[in-house]
$ cat run.csv   # CSV, C-alpha atoms
chain,number,residue,atom,x,y,z
A,1,MET,CA,0.0,0.0,0.0
A,2,ILE,CA,2.8,2.4,1.0
A,3,GLU,CA,4.7,1.3,-2.1
A,4,ASN,CA,1.6,2.0,-4.3
A,5,ASN,CA,1.1,5.4,-2.8
A,6,THR,CA,4.6,6.5,-3.5
A,7,SER,CA,4.3,5.8,-7.2
A,8,LEU,CA,0.8,7.3,-7.3
A,9,GLN,CA,2.2,10.4,-5.5
A,10,LEU,CA,4.9,10.8,-8.1
A,11,GLU,CA,2.3,10.3,-10.9
A,12,ILE,CA,0.1,13.1,-9.4
A,13,ALA,CA,3.1,15.4,-9.0
A,14,GLU,CA,3.9,14.7,-12.6
A,15,LEU,CA,0.3,15.6,-13.7
A,16,MET,CA,0.6,18.9,-11.7
A,17,VAL,CA,4.0,19.8,-13.2
A,18,GLN,CA,2.6,19.3,-16.7
A,19,ALA,CA,-0.7,20.9,-16.2
A,20,LEU,CA,0.6,24.0,-14.5
A,21,ASN,CA,3.8,24.2,-16.5
A,22,LEU,CA,5.8,24.4,-13.3
A,23,ASP,CA,9.5,25.1,-13.2
A,24,THR,CA,10.1,22.3,-10.7
A,25,THR,CA,10.2,18.6,-11.4
A,26,ALA,CA,7.8,16.1,-9.9
A,27,THR,CA,10.4,14.7,-7.6
A,28,GLU,CA,11.3,18.1,-6.2
A,29,ILE,CA,7.8,18.8,-4.9
A,30,ASP,CA,7.8,18.4,-1.1
A,31,PRO,CA,4.8,16.1,-0.4
A,32,GLU,CA,4.2,17.8,3.0
A,33,ALA,CA,4.4,21.4,1.8
A,34,PRO,CA,1.1,23.3,1.3
A,35,LEU,CA,0.0,23.5,-2.3
A,36,TYR,CA,-1.9,26.7,-1.8
A,37,GLY,CA,-0.2,30.1,-1.1
A,38,ASP,CA,3.2,29.6,0.5
A,39,GLY,CA,4.9,26.3,-0.2
A,40,LEU,CA,4.3,25.4,-3.8
A,41,GLY,CA,2.8,28.9,-4.4
A,42,LEU,CA,-0.3,27.9,-6.3
A,43,ASP,CA,-3.2,30.3,-6.5
A,44,SER,CA,-6.9,29.4,-6.4
A,45,ILE,CA,-7.1,28.9,-10.2
A,46,ASP,CA,-4.0,26.6,-10.2
A,47,ILE,CA,-5.8,24.5,-7.6
A,48,LEU,CA,-8.9,24.4,-9.8
A,49,GLU,CA,-6.7,23.1,-12.6
A,50,VAL,CA,-5.2,20.5,-10.4
A,51,ALA,CA,-8.7,19.5,-9.3
A,52,LEU,CA,-9.9,19.2,-12.9
A,53,VAL,CA,-6.8,17.2,-14.1
A,54,VAL,CA,-6.8,14.8,-11.2
A,55,SER,CA,-10.6,14.2,-11.3
A,56,LYS,CA,-10.4,13.4,-15.0
A,57,ARG,CA,-7.4,11.1,-14.8
A,58,TYR,CA,-8.7,9.1,-11.8
A,59,GLY,CA,-12.4,9.3,-12.3
A,60,LEU,CA,-13.1,11.2,-9.1
A,61,GLN,CA,-16.2,13.3,-8.3
A,62,LEU,CA,-14.9,16.3,-6.4
A,63,LYS,CA,-17.9,18.2,-5.0
A,64,ALA,CA,-17.9,21.9,-4.2
A,65,ASP,CA,-19.8,21.4,-1.0
A,66,SER,CA,-17.5,18.8,0.5
A,67,GLU,CA,-16.2,19.7,3.9
A,68,ASN,CA,-12.9,17.9,3.1
A,69,ASN,CA,-11.8,19.9,0.1
A,70,HIS,CA,-9.5,22.1,2.2
A,71,GLN,CA,-7.9,19.0,3.7
A,72,ILE,CA,-7.6,17.2,0.3
A,73,PHE,CA,-5.8,20.1,-1.4
A,74,SER,CA,-3.6,21.0,1.6
A,75,SER,CA,-0.6,19.0,0.4
A,76,LEU,CA,0.5,16.5,-2.2
A,77,ARG,CA,0.5,13.7,0.3
A,78,ASN,CA,-3.1,14.4,1.4
A,79,LEU,CA,-4.2,14.7,-2.2
A,80,THR,CA,-2.6,11.4,-3.0
A,81,GLU,CA,-4.3,9.7,0.0
A,82,TYR,CA,-7.6,11.0,-1.2
A,83,VAL,CA,-7.0,9.8,-4.8
A,84,ALA,CA,-5.9,6.4,-3.6
A,85,ALA,CA,-9.0,5.9,-1.5
A,86,HIS,CA,-11.5,7.2,-4.1
A,87,LYS,CA,-10.1,6.5,-7.6
A,88,THR,CA,-12.2,4.6,-10.0
A,89,ASN,CA,-9.8,4.2,-12.8
B,1,MET,CA,-28.2,49.4,8.3
B,2,LEU,CA,-30.4,52.1,10.0
B,3,MET,CA,-29.4,54.7,7.4
B,4,LEU,CA,-30.2,52.2,4.7
B,5,ARG,CA,-33.6,51.5,6.2
B,6,ILE,CA,-34.4,55.2,6.4
B,7,MET,CA,-33.2,55.8,2.9
B,8,THR,CA,-35.2,52.8,1.7
B,9,TRP,CA,-38.3,54.1,3.4
B,10,ILE,CA,-37.9,57.6,1.8
B,11,SER,CA,-37.2,56.0,-1.6
B,12,LEU,CA,-40.1,53.6,-1.7
B,13,ARG,CA,-42.7,55.8,0.1
B,14,LEU,CA,-41.9,59.2,-1.4
B,15,GLY,CA,-40.7,58.1,-4.8
B,16,ARG,CA,-37.5,58.3,-6.8
B,17,ARG,CA,-37.8,62.0,-7.7
B,18,ILE,CA,-38.0,63.2,-4.1
B,19,ALA,CA,-35.4,60.7,-2.9
B,20,ARG,CA,-33.0,61.9,-5.5
B,21,SER,CA,-32.9,65.4,-4.0
B,22,VAL,CA,-31.2,63.7,-1.1
B,23,LEU,CA,-28.6,62.3,-3.5
B,24,HIS,CA,-27.7,65.8,-4.7
B,25,LEU,CA,-26.8,66.6,-1.1
B,26,VAL,CA,-24.8,63.4,-0.9
B,27,ALA,CA,-22.9,64.2,-4.1
B,28,LEU,CA,-22.3,67.8,-2.9
B,29,TYR,CA,-21.0,66.5,0.4
B,30,PHE,CA,-18.5,64.3,-1.3
B,31,VAL,CA,-17.3,67.1,-3.6
B,32,LEU,CA,-16.8,69.4,-0.6
B,33,PHE,CA,-15.7,67.1,2.3
B,34,SER,CA,-14.1,64.0,0.9
B,35,PRO,CA,-10.6,64.8,-0.4
B,36,ASP,CA,-9.8,61.1,-0.9
B,37,SER,CA,-12.8,60.6,-3.2
B,38,ARG,CA,-12.0,63.8,-4.9
B,39,SER,CA,-8.4,62.9,-5.7
B,40,ALA,CA,-9.4,59.4,-6.8
B,41,SER,CA,-11.9,61.0,-9.2
B,42,LEU,CA,-9.3,63.4,-10.4
B,43,SER,CA,-6.9,60.6,-11.1
B,44,TYR,CA,-9.5,59.2,-13.6
B,45,LEU,CA,-11.7,62.0,-15.0
B,46,PRO,CA,-9.1,63.9,-17.1
B,47,ARG,CA,-8.1,60.7,-18.8
B,48,ALA,CA,-11.6,59.8,-19.8
B,49,LEU,CA,-12.7,63.3,-20.7
B,50,GLY,CA,-9.6,64.2,-22.5
B,51,ARG,CA,-9.4,67.5,-20.7
B,52,PRO,CA,-8.9,68.8,-17.1
B,53,ALA,CA,-11.8,68.0,-14.8
B,54,THR,CA,-13.9,70.8,-13.3
B,55,TRP,CA,-15.9,70.9,-10.1
B,56,LEU,CA,-19.0,70.2,-12.1
B,57,ASP,CA,-17.4,67.0,-13.5
B,58,LEU,CA,-16.6,65.9,-9.9
B,59,TYR,CA,-20.1,66.5,-8.9
B,60,ARG,CA,-21.5,64.6,-11.9
B,61,HIS,CA,-19.2,61.7,-11.2
B,62,PHE,CA,-20.3,61.4,-7.5
B,63,PHE,CA,-24.0,61.9,-8.4
B,64,CYS,CA,-23.8,59.2,-11.0
B,65,PHE,CA,-22.3,56.8,-8.5
B,66,ALA,CA,-24.9,57.8,-5.8
B,67,THR,CA,-27.7,57.3,-8.4
B,68,THR,CA,-26.6,53.7,-9.3
B,69,ILE,CA,-26.3,52.8,-5.6
B,70,HIS,CA,-29.7,54.3,-4.9
B,71,ASP,CA,-31.4,52.7,-7.8
B,72,ARG,CA,-30.5,49.4,-6.4
B,73,ILE,CA,-33.2,49.9,-3.9
B,74,TYR,CA,-35.8,50.0,-6.7
B,75,LEU,CA,-34.2,47.2,-8.6
B,76,ILE,CA,-34.1,44.9,-5.6
B,77,ASN,CA,-37.7,45.9,-4.9
B,78,ARG,CA,-38.5,44.9,-8.5
B,79,SER,CA,-39.8,48.3,-9.4
B,80,TYR,CA,-38.4,47.8,-12.9
B,81,ASP,CA,-41.0,49.9,-14.6
B,82,LEU,CA,-39.4,53.1,-13.2
B,83,PHE,CA,-36.5,52.7,-15.6
B,84,ASP,CA,-36.0,53.1,-19.3
B,85,ILE,CA,-33.5,50.4,-20.1
B,86,ASP,CA,-32.0,50.2,-23.6
B,87,ILE,CA,-30.4,46.8,-24.3
B,88,GLN,CA,-27.8,46.4,-27.0
B,89,GLY,CA,-26.1,43.3,-28.2
B,90,LYS,CA,-28.7,40.8,-27.0
B,91,GLU,CA,-27.7,38.7,-30.0
B,92,ASN,CA,-24.3,38.2,-28.4
B,93,ILE,CA,-25.8,36.4,-25.4
B,94,ARG,CA,-29.1,34.9,-26.3
B,95,PRO,CA,-27.7,31.9,-28.3
B,96,LEU,CA,-25.3,31.1,-25.5
B,97,ILE,CA,-28.0,31.1,-22.9
B,98,ASP,CA,-30.1,28.9,-25.1
B,99,GLU,CA,-27.3,26.4,-25.5
B,100,GLY,CA,-27.4,26.0,-21.7
B,101,LYS,CA,-23.7,25.1,-21.3
B,102,GLY,CA,-22.8,27.9,-19.0
B,103,VAL,CA,-21.4,31.3,-19.8
B,104,PHE,CA,-19.1,33.8,-18.0
B,105,LEU,CA,-20.5,37.3,-17.7
B,106,MET,CA,-17.7,39.8,-17.1
B,107,GLY,CA,-18.4,43.2,-16.0
B,108,ALA,CA,-16.4,46.0,-14.3
B,109,HIS,CA,-16.9,48.6,-11.7
B,110,LEU,CA,-18.4,50.7,-14.5
B,111,GLY,CA,-22.1,51.6,-14.2
B,112,SER,CA,-24.5,49.2,-12.6
B,113,PHE,CA,-24.2,45.5,-12.9
B,114,GLU,CA,-27.3,45.2,-10.7
B,115,VAL,CA,-29.5,46.6,-13.6
B,116,MET,CA,-29.4,43.1,-15.0
B,117,ARG,CA,-32.1,42.3,-12.5
B,118,ALA,CA,-34.4,44.4,-14.6
B,119,ILE,CA,-33.8,42.8,-18.0
B,120,GLY,CA,-35.0,39.3,-17.3
B,121,ARG,CA,-38.1,39.8,-19.4
B,122,GLN,CA,-36.1,40.9,-22.5
B,123,VAL,CA,-33.3,38.4,-21.9
B,124,PRO,CA,-35.0,35.2,-20.6
B,125,GLY,CA,-32.9,32.7,-18.8
B,126,LEU,CA,-30.5,35.2,-17.4
B,127,ARG,CA,-29.7,33.4,-14.1
B,128,VAL,CA,-26.5,34.7,-12.7
B,129,ALA,CA,-24.3,33.6,-9.8
B,130,MET,CA,-21.9,36.3,-8.8
B,131,VAL,CA,-18.3,35.5,-7.8
B,132,MET,CA,-17.2,37.9,-5.0
B,133,HIS,CA,-15.3,38.2,-1.8
B,134,GLN,CA,-16.9,36.8,1.3
B,135,ASP,CA,-17.2,40.1,3.1
B,136,ASN,CA,-18.7,41.8,0.1
B,137,ALA,CA,-21.2,38.9,-0.2
B,138,GLN,CA,-22.1,39.4,3.4
B,139,LYS,CA,-22.7,43.1,3.0
B,140,ILE,CA,-24.8,42.6,-0.1
B,141,ASN,CA,-27.0,40.0,1.6
B,142,ASP,CA,-27.5,42.2,4.6
B,143,MET,CA,-28.5,45.0,2.2
B,144,LEU,CA,-30.9,42.8,0.2
B,145,ALA,CA,-32.5,41.6,3.5
B,146,ALA,CA,-33.0,45.2,4.6
B,147,ILE,CA,-34.6,46.3,1.4
B,148,ASN,CA,-36.6,43.3,0.3
B,149,PRO,CA,-36.5,40.1,2.4
B,150,GLU,CA,-37.8,38.1,-0.6
B,151,SER,CA,-34.9,39.1,-2.9
B,152,SER,CA,-31.8,37.1,-3.0
B,153,MET,CA,-28.6,36.8,-4.9
B,154,ASP,CA,-26.7,33.7,-5.8
B,155,VAL,CA,-23.2,34.4,-4.6
B,156,ILE,CA,-20.1,32.2,-4.9
B,157,PRO,CA,-17.7,33.5,-2.2
B,158,LEU,CA,-14.0,33.6,-3.0
B,159,GLY,CA,-11.1,32.6,-0.9
B,160,ARG,CA,-12.1,29.0,-0.4
B,161,ILE,CA,-10.3,26.1,-2.1
B,162,ASP,CA,-13.6,24.9,-3.5
B,163,SER,CA,-14.9,28.3,-4.7
B,164,MET,CA,-13.8,27.3,-8.2
B,165,LEU,CA,-15.5,24.0,-8.0
B,166,GLN,CA,-18.7,25.9,-7.2
B,167,VAL,CA,-18.2,28.0,-10.3
B,168,GLN,CA,-17.9,24.8,-12.3
B,169,GLU,CA,-21.1,23.3,-10.9
B,170,ARG,CA,-23.1,26.5,-11.7
B,171,LEU,CA,-21.8,26.5,-15.2
B,172,ASP,CA,-22.5,22.8,-15.7
B,173,ASP,CA,-26.0,23.7,-14.5
B,174,GLY,CA,-26.4,26.1,-17.5
B,175,MET,CA,-26.1,29.2,-15.3
B,176,LEU,CA,-24.2,32.4,-16.0
B,177,VAL,CA,-21.3,33.2,-13.7
B,178,GLY,CA,-20.7,36.9,-13.2
B,179,MET,CA,-17.6,38.7,-12.1
B,180,LEU,CA,-16.3,42.2,-12.0
B,181,SER,CA,-12.9,41.5,-13.6
B,182,ASP,CA,-11.3,44.9,-13.1
B,183,ARG,CA,-10.2,44.1,-9.5
B,184,THR,CA,-8.2,41.2,-8.3
B,185,LEU,CA,-9.7,38.1,-6.9
B,186,GLY,CA,-7.0,38.2,-4.2
B,187,ASP,CA,-4.0,36.1,-4.8
B,188,GLU,CA,-3.4,36.0,-8.5
B,189,PRO,CA,-0.9,37.8,-10.7
B,190,MET,CA,-1.7,41.0,-12.6
B,191,THR,CA,-0.9,41.9,-16.1
B,192,GLU,CA,-0.2,45.3,-17.6
B,193,ILE,CA,-2.7,46.9,-20.0
B,194,ASN,CA,-3.2,50.3,-21.6
B,195,LEU,CA,-6.2,52.1,-20.1
B,196,LEU,CA,-7.1,55.6,-21.3
B,197,GLY,CA,-3.5,56.2,-22.5
B,198,ALA,CA,-1.6,55.0,-19.5
B,199,SER,CA,-0.4,51.7,-18.0
B,200,ALA,CA,-2.8,50.0,-15.5
B,201,ALA,CA,-2.9,46.5,-14.1
B,202,LEU,CA,-5.6,43.9,-14.6
B,203,PRO,CA,-5.9,40.7,-12.7
B,204,THR,CA,-5.4,37.6,-14.9
B,205,GLY,CA,-7.5,35.3,-12.6
B,206,PRO,CA,-10.9,35.7,-14.1
B,207,PHE,CA,-9.7,35.1,-17.6
B,208,ARG,CA,-7.6,32.1,-16.7
B,209,MET,CA,-10.6,30.6,-14.9
B,210,ALA,CA,-12.8,31.0,-17.9
B,211,ALA,CA,-10.2,29.5,-20.1
B,212,LEU,CA,-9.6,26.6,-17.8
B,213,LEU,CA,-13.4,25.8,-17.6
B,214,ARG,CA,-13.6,26.2,-21.4
B,215,ARG,CA,-16.6,28.6,-21.5
B,216,PRO,CA,-17.6,31.5,-23.7
B,217,VAL,CA,-17.2,34.9,-22.1
B,218,VAL,CA,-19.6,37.8,-22.6
B,219,PHE,CA,-18.8,41.4,-21.4
B,220,MET,CA,-21.7,43.3,-19.8
B,221,VAL,CA,-22.1,46.9,-18.7
B,222,GLY,CA,-25.2,48.7,-17.4
B,223,LEU,CA,-24.4,52.4,-17.9
B,224,TYR,CA,-26.3,55.1,-16.2
B,225,MET,CA,-27.2,57.7,-18.9
B,226,GLY,CA,-29.1,60.3,-16.8
B,227,GLY,CA,-32.7,60.6,-15.7
B,228,ASN,CA,-34.2,57.2,-15.5
B,229,ARG,CA,-32.2,55.9,-18.4
B,230,TYR,CA,-29.8,52.9,-18.4
B,231,GLN,CA,-28.0,51.4,-21.4
B,232,VAL,CA,-27.0,47.8,-21.2
B,233,HIS,CA,-24.4,46.4,-23.6
B,234,PHE,CA,-23.5,42.8,-24.2
B,235,GLU,CA,-20.3,42.2,-26.1
B,236,THR,CA,-18.5,39.1,-27.2
B,237,LEU,CA,-15.3,38.9,-25.2
B,238,ALA,CA,-13.8,35.5,-25.9
B,239,ASP,CA,-14.8,31.9,-26.5
B,240,PHE,CA,-12.7,29.4,-24.7
B,241,SER,CA,-14.8,26.4,-25.6
B,242,ASN,CA,-12.1,25.0,-27.9
B,243,ILE,CA,-8.6,26.2,-27.2
B,244,PRO,CA,-5.9,24.6,-29.3
B,245,THR,CA,-3.4,22.7,-27.2
B,246,GLY,CA,-0.6,24.9,-25.9
B,247,GLN,CA,-2.2,28.1,-26.8
B,248,ARG,CA,-4.0,28.9,-23.6
B,249,SER,CA,-1.9,31.7,-22.3
B,250,GLN,CA,-2.0,33.3,-25.7
B,251,VAL,CA,-5.8,33.3,-25.9
B,252,VAL,CA,-6.0,34.4,-22.3
B,253,ASN,CA,-3.8,37.4,-23.2
B,254,GLN,CA,-6.0,38.2,-26.2
B,255,ALA,CA,-9.1,38.2,-24.0
B,256,ILE,CA,-7.5,40.5,-21.4
B,257,GLN,CA,-6.6,42.8,-24.3
B,258,ARG,CA,-10.1,42.7,-25.6
B,259,TYR,CA,-11.4,43.5,-22.1
B,260,ALA,CA,-9.1,46.5,-21.9
B,261,ASP,CA,-10.3,47.7,-25.3
B,262,LEU,CA,-13.9,47.5,-24.1
B,263,LEU,CA,-13.1,49.4,-20.9
B,264,ASN,CA,-11.4,52.1,-23.0
B,265,HIS,CA,-14.5,52.3,-25.2
B,266,TYR,CA,-17.2,52.4,-22.5
B,267,THR,CA,-15.3,54.8,-20.1
B,268,GLN,CA,-15.2,57.3,-23.0
B,269,LEU,CA,-18.8,56.7,-23.9
B,270,ALA,CA,-20.0,57.2,-20.3
B,271,PRO,CA,-17.2,58.8,-18.4
B,272,TYR,CA,-19.0,59.4,-15.1
B,273,ASN,CA,-19.8,55.6,-14.7
B,274,TRP,CA,-16.3,54.6,-13.5
B,275,PHE,CA,-16.6,53.5,-9.9
B,276,ASN,CA,-13.1,52.5,-8.9
B,277,PHE,CA,-12.6,55.2,-6.4
B,278,PHE,CA,-8.9,54.8,-5.9
B,279,ASP,CA,-6.0,55.7,-8.2
B,280,TYR,CA,-6.4,52.8,-10.7
B,281,TRP,CA,-3.1,53.7,-12.4
B,282,GLN,CA,-1.0,54.3,-9.3
B,283,SER,CA,-1.5,50.7,-8.3
B,284,VAL,CA,0.4,49.3,-11.3
B,285,PRO,CA,4.1,49.2,-10.4
B,286,ALA,CA,3.6,48.0,-6.8
B,287,SER,CA,1.3,45.1,-7.6
B,288,LEU,CA,3.3,43.9,-10.6
B,289,ASP,CA,6.5,44.1,-8.6
B,290,GLU,CA,5.1,42.2,-5.7
B,291,ASN,CA,4.0,39.4,-7.9
B,292,GLN,CA,7.4,39.1,-9.5
B,293,HIS,CA,8.9,38.6,-6.1
B,294,GLU,CA,6.3,36.2,-4.9
B,295,LYS,CA,5.8,34.1,-8.0
B,296,SER,CA,9.0,33.7,-9.9
B,297,ASP,CA,7.6,30.7,-11.7
B,298,GLU,CA,4.9,32.8,-13.3
B,299,GLY,CA,6.9,33.5,-16.4
B,300,SER,CA,6.6,29.9,-17.6
B,301,LYS,CA,2.8,29.7,-17.4
$ encode --input "run.csv" --output "structure tokens"
Amino acid sequence: MIENNTSLQLEIAELMVQALNLDTTATEIDPEAPLYGDGLGLDSIDILEVALVVSKRYGLQLKADSENNHQIFSSLRNLTEYVAAHKTN
Amino acid sequence: MLMLRIMTWISLRLGRRIARSVLHLVALYFVLFSPDSRSASLSYLPRALGRPATWLDLYRHFFCFATTIHDRIYLINRSYDLFDIDIQGKENIRPLIDEGKGVFLMGAHLGSFEVMRAIGRQVPGLRVAMVMHQDNAQKINDMLAAINPESSMDVIPLGRIDSMLQVQERLDDGMLVGMLSDRTLGDEPMTEINLLGASAALPTGPFRMAALLRRPVVFMVGLYMGGNRYQVHFETLADFSNIPTGQRSQVVNQAIQRYADLLNHYTQLAPYNWFNFFDYWQSVPASLDENQHEKSDEGSK
């Protein structure tokens, strides 16, 4: 499970780097650092893009009214855990 | 809120003509006693008018602003028949509403966006959710409740991680999502444009969002033209439905340029309708600088 998550985490990081055209590489993203604001420095529209790309790739249904959204997008690690638990493809 | 209730009472009981005499006093008060508003107005008016501004121009600017604020009371109270509203460019929005796939409606702090409440009969299906800051949303809802408890406004508050997901859901539902795109959403970079002959900064966020969600964007202004007359304009701004791969930032920049052109056009058509009461041009260097420091990766986007 931990093994799986590591490769999934790298895959998600890769998706983010591509979608947002980031100057960092996927392996350089600190999984614990906040995605939003300080940390990776994404703004709210970047987060939207991540949400769109990730939902499409893994067949997730991210809902606007979910209480957990803040938690899900707080770091790469949390996003990965959420995807691992909910992905359908 | 007490002042608002008193003003609402005067406006609805005594009528628009009598209530407007109060507005003349308000405008006069600002001309005489509000140096901040005066200097903000003076930073703008000469650019739009193409000549130095006089005291009368200042007065007309404040009176125009006071009028649009005051007329909200009637619009919220659904007294639409008080107004003579000329709508231009309906053909730019009707087909998009009929398609039902969601549309972005971009306005500015120019004239009255609220006047769209009154045009539902002429433009059926105009269901709009407004994107705005949480505290503004709170103020507006308090105001609506004070004027007409039955009225409501569909607001998407900014600043939450899922704000953008809400935008997407409203669009998927076939609604229009409205934003005043001449001020920043909060945390996104700005881009430099030419406004009335000098550099100013526009936020890129609203345009990036529209491109990301692949929707058409229509520009809307509701200009106050004196007396009880308003002029609503719908203009095609961009269509992001099919962006060729790798060209997003290019089409976003084109849309921002088009938005700037429209601001240039309509500020000159109706110069007293500009309601950004701060030095819009002064803010450029600071905000652009700040973003260069904070977001060094922005160049690659």
$ atom_distance --input "run.csv" --atom1 "atom CA of Glu99 of chain B" --atom2 "atom CA of Asp162 of chain B"
26.0 Å
$ interface_residues --input "run.csv" --of "chain B" --to "chain A" --cutoff "6 Å" --atoms "only C-alpha atoms" --output "list in words"
Ile161, Asp162, Met164, Leu165, Gln166 and Lys301 of chain B
$ atom_distance --input "run.csv" --atom1 "atom CA of Ala85 of chain A" --atom2 "atom CA of Lys56 of chain A"
15.5 Å
$ residues_around --input "run.csv" --residues "Tyr59 of chain B" --least-positions-apart "3" --cutoff "9 Å" --atoms "all atoms listed in the file" --output "count of residues only"
11
$ atom_distance --input "run.csv" --atom1 "atom CA of Thr8 of chain B" --atom2 "atom CA of Leu58 of chain B"
25.5 Å
$ residues_around --input "run.csv" --residues "Leu76 of chain A" --least-positions-apart "6" --cutoff "8 Å" --atoms "all atoms listed in the file" --output "number ranges by chain"
A: 9, 12-13, 30-35
$ residues_around --input "run.csv" --residues "segment 119-124 of chain B" --least-positions-apart "4" --cutoff "8 Å" --atoms "only C-alpha atoms" --output "PyMOL selection string"
chain B and resi 85+90+94+115
$ residues_around --input "run.csv" --residues "Ala137 of chain B" --least-positions-apart "2" --cutoff "10 Å" --atoms "all atoms listed in the file" --output "VMD selection string"
chain B and resid 130 to 135 139 to 143 153 to 158
$ residues_around --input "run.csv" --residues "Gly89 of chain B" --least-positions-apart "4" --cutoff "12 Å" --atoms "all atoms listed in the file" --output "PyMOL selection string"
chain B and resi 93-95+122-123+218-221+231-236
$ closest_residue --input "run.csv" --among "A:Ala26, A:Val17, A:Leu8, A:Val50" --to "Lys87 of chain A" --atoms "all atoms listed in the file"
A:Leu8
